[in-house]
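Here's coords.pdb, which has PDB, C-alpha atoms, pLDDT in the B column:
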```pdb
MODEL        1
ATOM      1  CA  MET D   1       0.000   0.000   0.000  1.00 70.00           C
ATOM      2  CA  ARG D   2       2.866   2.356   0.820  1.00 72.00           C
ATOM      3  CA  LYS D   3       4.484   1.662  -2.535  1.00 75.00           C
ATOM      4  CA  LEU D   4       1.277   2.525  -4.346  1.00 73.00           C
ATOM      5  CA  LEU D   5       0.937   5.765  -2.389  1.00 73.00           C
ATOM      6  CA  LEU D   6       4.584   6.658  -3.025  1.00 73.00           C
ATOM      7  CA  LEU D   7       4.251   5.908  -6.761  1.00 73.00           C
ATOM      8  CA  SER D   8       1.083   8.033  -7.100  1.00 77.00           C
ATOM      9  CA  LEU D   9       2.775  10.903  -5.243  1.00 73.00           C
ATOM     10  CA  LEU D  10       5.837  10.734  -7.518  1.00 73.00           C
ATOM     11  CA  TRP D  11       3.680  10.495 -10.625  1.00 71.00           C
ATOM     12  CA  GLY D  12       1.667  13.572  -9.456  1.00 73.00           C
ATOM     13  CA  LEU D  13       4.833  15.608  -8.872  1.00 70.00           C
ATOM     14  CA  TYR D  14       6.288  14.531 -12.223  1.00 70.00           C
ATOM     15  CA  SER D  15       3.117  15.470 -14.114  1.00 69.00           C
ATOM     16  CA  CYS D  16       3.004  18.910 -12.464  1.00 66.00           C
ATOM     17  CA  GLN D  17       6.559  19.732 -13.504  1.00 59.00           C
ATOM     18  CA  HIS D  18       6.189  18.841 -17.174  1.00 52.00           C
ATOM     19  CA  LYS D  19       3.118  20.786 -18.218  1.00 55.00           C
ATOM     20  CA  ASP D  20       2.753  21.928 -21.796  1.00 56.00           C
ATOM     21  CA  THR D  21       4.192  25.455 -21.915  1.00 60.00           C
ATOM     22  CA  GLN D  22       2.644  26.325 -25.277  1.00 63.00           C
ATOM     23  CA  PRO D  23      -0.049  29.027 -25.055  1.00 58.00           C
ATOM     24  CA  PRO D  24      -3.517  28.138 -26.321  1.00 60.00           C
ATOM     25  CA  ALA D  25      -4.253  28.936 -29.942  1.00 62.00           C
ATOM     26  CA  GLY D  26      -4.952  32.625 -30.521  1.00 60.00           C
ATOM     27  CA  VAL D  27      -3.327  33.767 -27.253  1.00 59.00           C
ATOM     28  CA  SER D  28      -0.188  35.850 -27.470  1.00 59.00           C
ATOM     29  CA  HIS D  29       2.244  36.443 -24.630  1.00 61.00           C
ATOM     30  CA  LEU D  30       3.443  39.718 -26.106  1.00 64.00           C
ATOM     31  CA  ALA D  31       2.245  42.729 -24.142  1.00 64.00           C
ATOM     32  CA  PRO D  32       0.818  45.548 -26.250  1.00 66.00           C
ATOM     33  CA  THR D  33       2.941  48.668 -26.319  1.00 71.00           C
ATOM     34  CA  LEU D  34       1.159  51.887 -25.459  1.00 69.00           C
ATOM     35  CA  ASP D  35       2.331  55.263 -26.692  1.00 74.00           C
ATOM     36  CA  GLN D  36      -0.408  57.349 -25.079  1.00 73.00           C
ATOM     37  CA  VAL D  37      -2.968  57.033 -22.353  1.00 70.00           C
ATOM     38  CA  VAL D  38      -6.160  59.001 -22.860  1.00 71.00           C
ATOM     39  CA  GLY D  39      -8.352  59.814 -19.891  1.00 73.00           C
ATOM     40  CA  ILE D  40     -11.040  62.239 -18.888  1.00 75.00           C
ATOM     41  CA  GLY D  41     -10.788  63.902 -15.513  1.00 74.00           C
ATOM     42  CA  LYS D  42     -11.350  67.031 -13.562  1.00 72.00           C
ATOM     43  CA  ILE D  43      -8.910  68.542 -11.108  1.00 69.00           C
ATOM     44  CA  GLN D  44     -10.362  70.679  -8.349  1.00 69.00           C
ATOM     45  CA  PRO D  45      -8.081  72.100  -5.701  1.00 67.00           C
ATOM     46  CA  GLU D  46      -9.395  71.443  -2.209  1.00 71.00           C
ATOM     47  CA  PRO D  47      -9.034  75.018  -0.919  1.00 73.00           C
ATOM     48  CA  GLY D  48     -11.083  76.260  -3.901  1.00 69.00           C
ATOM     49  CA  ILE D  49     -14.161  74.201  -3.003  1.00 71.00           C
ATOM     50  CA  ILE D  50     -16.592  75.694  -0.491  1.00 72.00           C
ATOM     51  CA  ASP D  51     -19.967  74.609   0.821  1.00 75.00           C
ATOM     52  CA  LEU D  52     -22.934  76.822   0.050  1.00 74.00           C
ATOM     53  CA  SER D  53     -26.020  77.158   2.188  1.00 78.00           C
ATOM     54  CA  ALA D  54     -29.146  79.262   2.231  1.00 77.00           C
ATOM     55  CA  GLU D  55     -31.048  80.795   5.123  1.00 78.00           C
ATOM     56  CA  THR D  56     -34.269  79.070   4.057  1.00 76.00           C
ATOM     57  CA  ASN D  57     -35.251  75.931   2.229  1.00 79.00           C
ATOM     58  CA  GLY D  58     -36.982  76.091  -1.102  1.00 81.00           C
ATOM     59  CA  ILE D  59     -37.337  74.927  -4.658  1.00 84.00           C
ATOM     60  CA  VAL D  60     -34.857  76.233  -7.214  1.00 86.00           C
ATOM     61  CA  GLU D  61     -36.611  78.662  -9.560  1.00 88.00           C
ATOM     62  CA  ARG D  62     -33.696  80.192 -11.493  1.00 90.00           C
ATOM     63  CA  VAL D  63     -30.013  79.422 -11.846  1.00 91.00           C
ATOM     64  CA  TYR D  64     -27.807  82.453 -12.450  1.00 91.00           C
ATOM     65  CA  LYS D  65     -24.344  80.831 -12.300  1.00 88.00           C
ATOM     66  CA  HIS D  66     -23.315  77.563 -13.898  1.00 87.00           C
ATOM     67  CA  GLU D  67     -20.327  75.268 -13.588  1.00 83.00           C
ATOM     68  CA  ASN D  68     -16.955  77.008 -14.149  1.00 81.00           C
ATOM     69  CA  ASP D  69     -18.493  80.505 -13.869  1.00 85.00           C
ATOM     70  CA  THR D  70     -16.605  83.035 -11.779  1.00 84.00           C
ATOM     71  CA  VAL D  71     -18.419  83.973  -8.583  1.00 83.00           C
ATOM     72  CA  SER D  72     -17.704  86.983  -6.405  1.00 85.00           C
ATOM     73  CA  PRO D  73     -19.026  87.649  -2.907  1.00 85.00           C
ATOM     74  CA  GLY D  74     -22.580  88.961  -3.126  1.00 86.00           C
ATOM     75  CA  ASP D  75     -23.329  87.460  -6.572  1.00 88.00           C
ATOM     76  CA  LEU D  76     -26.631  85.666  -7.022  1.00 88.00           C
ATOM     77  CA  ILE D  77     -26.071  82.005  -7.772  1.00 88.00           C
ATOM     78  CA  LEU D  78     -29.637  80.766  -7.798  1.00 88.00           C
ATOM     79  CA  GLU D  79     -33.106  81.834  -6.732  1.00 88.00           C
ATOM     80  CA  LEU D  80     -35.254  79.757  -4.417  1.00 86.00           C
ATOM     81  CA  ASP D  81     -39.033  79.695  -4.143  1.00 86.00           C
ATOM     82  CA  HIS D  82     -39.586  79.613  -0.396  1.00 82.00           C
ATOM     83  CA  SER D  83     -43.336  80.240  -0.355  1.00 85.00           C
ATOM     84  CA  VAL D  84     -43.942  76.999   1.569  1.00 84.00           C
ATOM     85  CA  ASP D  85     -41.605  78.115   4.359  1.00 83.00           C
ATOM     86  CA  ASP D  86     -43.191  81.575   4.368  1.00 85.00           C
ATOM     87  CA  ALA D  87     -46.654  80.013   4.772  1.00 89.00           C
ATOM     88  CA  MET D  88     -45.409  77.871   7.663  1.00 89.00           C
ATOM     89  CA  VAL D  89     -43.944  80.959   9.376  1.00 90.00           C
ATOM     90  CA  MET D  90     -47.249  82.818   8.973  1.00 93.00           C
ATOM     91  CA  GLN D  91     -49.150  79.842  10.399  1.00 95.00           C
ATOM     92  CA  LEU D  92     -46.834  79.666  13.413  1.00 95.00           C
ATOM     93  CA  GLN D  93     -47.187  83.421  14.001  1.00 96.00           C
ATOM     94  CA  LYS D  94     -50.976  83.066  13.979  1.00 96.00           C
ATOM     95  CA  GLN D  95     -50.766  80.173  16.445  1.00 96.00           C
ATOM     96  CA  ILE D  96     -48.579  82.281  18.751  1.00 96.00           C
ATOM     97  CA  ALA D  97     -51.048  85.181  18.561  1.00 95.00           C
ATOM     98  CA  ALA D  98     -53.977  82.834  19.296  1.00 95.00           C
ATOM     99  CA  GLN D  99     -52.171  81.343  22.295  1.00 95.00           C
ATOM    100  CA  ALA D 100     -51.277  84.820  23.594  1.00 95.00           C
ATOM    101  CA  ALA D 101     -54.961  85.825  23.309  1.00 95.00           C
ATOM    102  CA  GLN D 102     -55.961  82.620  25.155  1.00 95.00           C
ATOM    103  CA  VAL D 103     -53.463  83.413  27.946  1.00 94.00           C
ATOM    104  CA  LYS D 104     -54.919  86.956  28.304  1.00 93.00           C
ATOM    105  CA  ALA D 105     -58.460  85.542  28.394  1.00 93.00           C
ATOM    106  CA  ASP D 106     -57.476  83.008  31.054  1.00 92.00           C
ATOM    107  CA  GLN D 107     -55.781  85.723  33.140  1.00 93.00           C
ATOM    108  CA  ALA D 108     -58.860  87.977  32.893  1.00 90.00           C
ATOM    109  CA  ALA D 109     -61.132  85.126  34.038  1.00 86.00           C
TER     110      ALA D 109
ENDMDL
END
```

Write the structure described by the file as structure tokens, please.
Amino acid sequence: MRKLLLLSLLWGLYSCQHKDTQPPAGVSHLAPTLDQVVGIGKIQPEPGIIDLSAETNGIVERVYKHENDTVSPGDLILELDHSVDDAMVMQLQKQIAAQAAQVKADQAA
């Protein structure tokens, strides 16, 4: 039994060492030579990027500045429609006034 195991081990090692080194048909081992590499990219310096924020939320109505436009302090970049926020502020002001009137009525009673 040991001889059979030893023979199969030797045969396995022998067959691994003498594999066919010919590449399959249609496969070439020559690496293609490249003269140029073409790529598309955009470089943005980190100090030049800033976050923008608005005082209110809203839906963008108009865009005044586009990508790669020069922007100075005070320039309009876009216009927001904040009518929903304005309506919510008005509603809250009315609720405050109603509660103040209720407090006065309770104090008078």

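Nearest residue to D:Asp85 among D:Gln107, D:Asn68, D:Thr56, D:Gln99 is D:Thr56, counting all atoms listed in the file.
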
Once you add 8 Å to each side, what are the centre and edge lengths of the axis-aligned box holding all listed atoms of stretch 53-61 of chain D? One decimal in Å, as JSON, if you can.
```
{"center_x": -31.7, "center_y": 77.9, "center_z": -2.2, "size_x": 27.3, "size_y": 21.9, "size_z": 30.7}
```

For atom CA of D:Glu61 and atom CA of D:Asp81, determine how far apart the two atoms are, in Å to one decimal place.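 So the two atoms, atom CA of D:Glu61 and atom CA of D:Asp81, lie 6.0 Å apart.
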
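If only C-alpha atoms are the atoms counted, then among D:Leu92, D:Val63, D:Leu7, D:Ala101 the closest residue to D:Glu79 is D:Val63.
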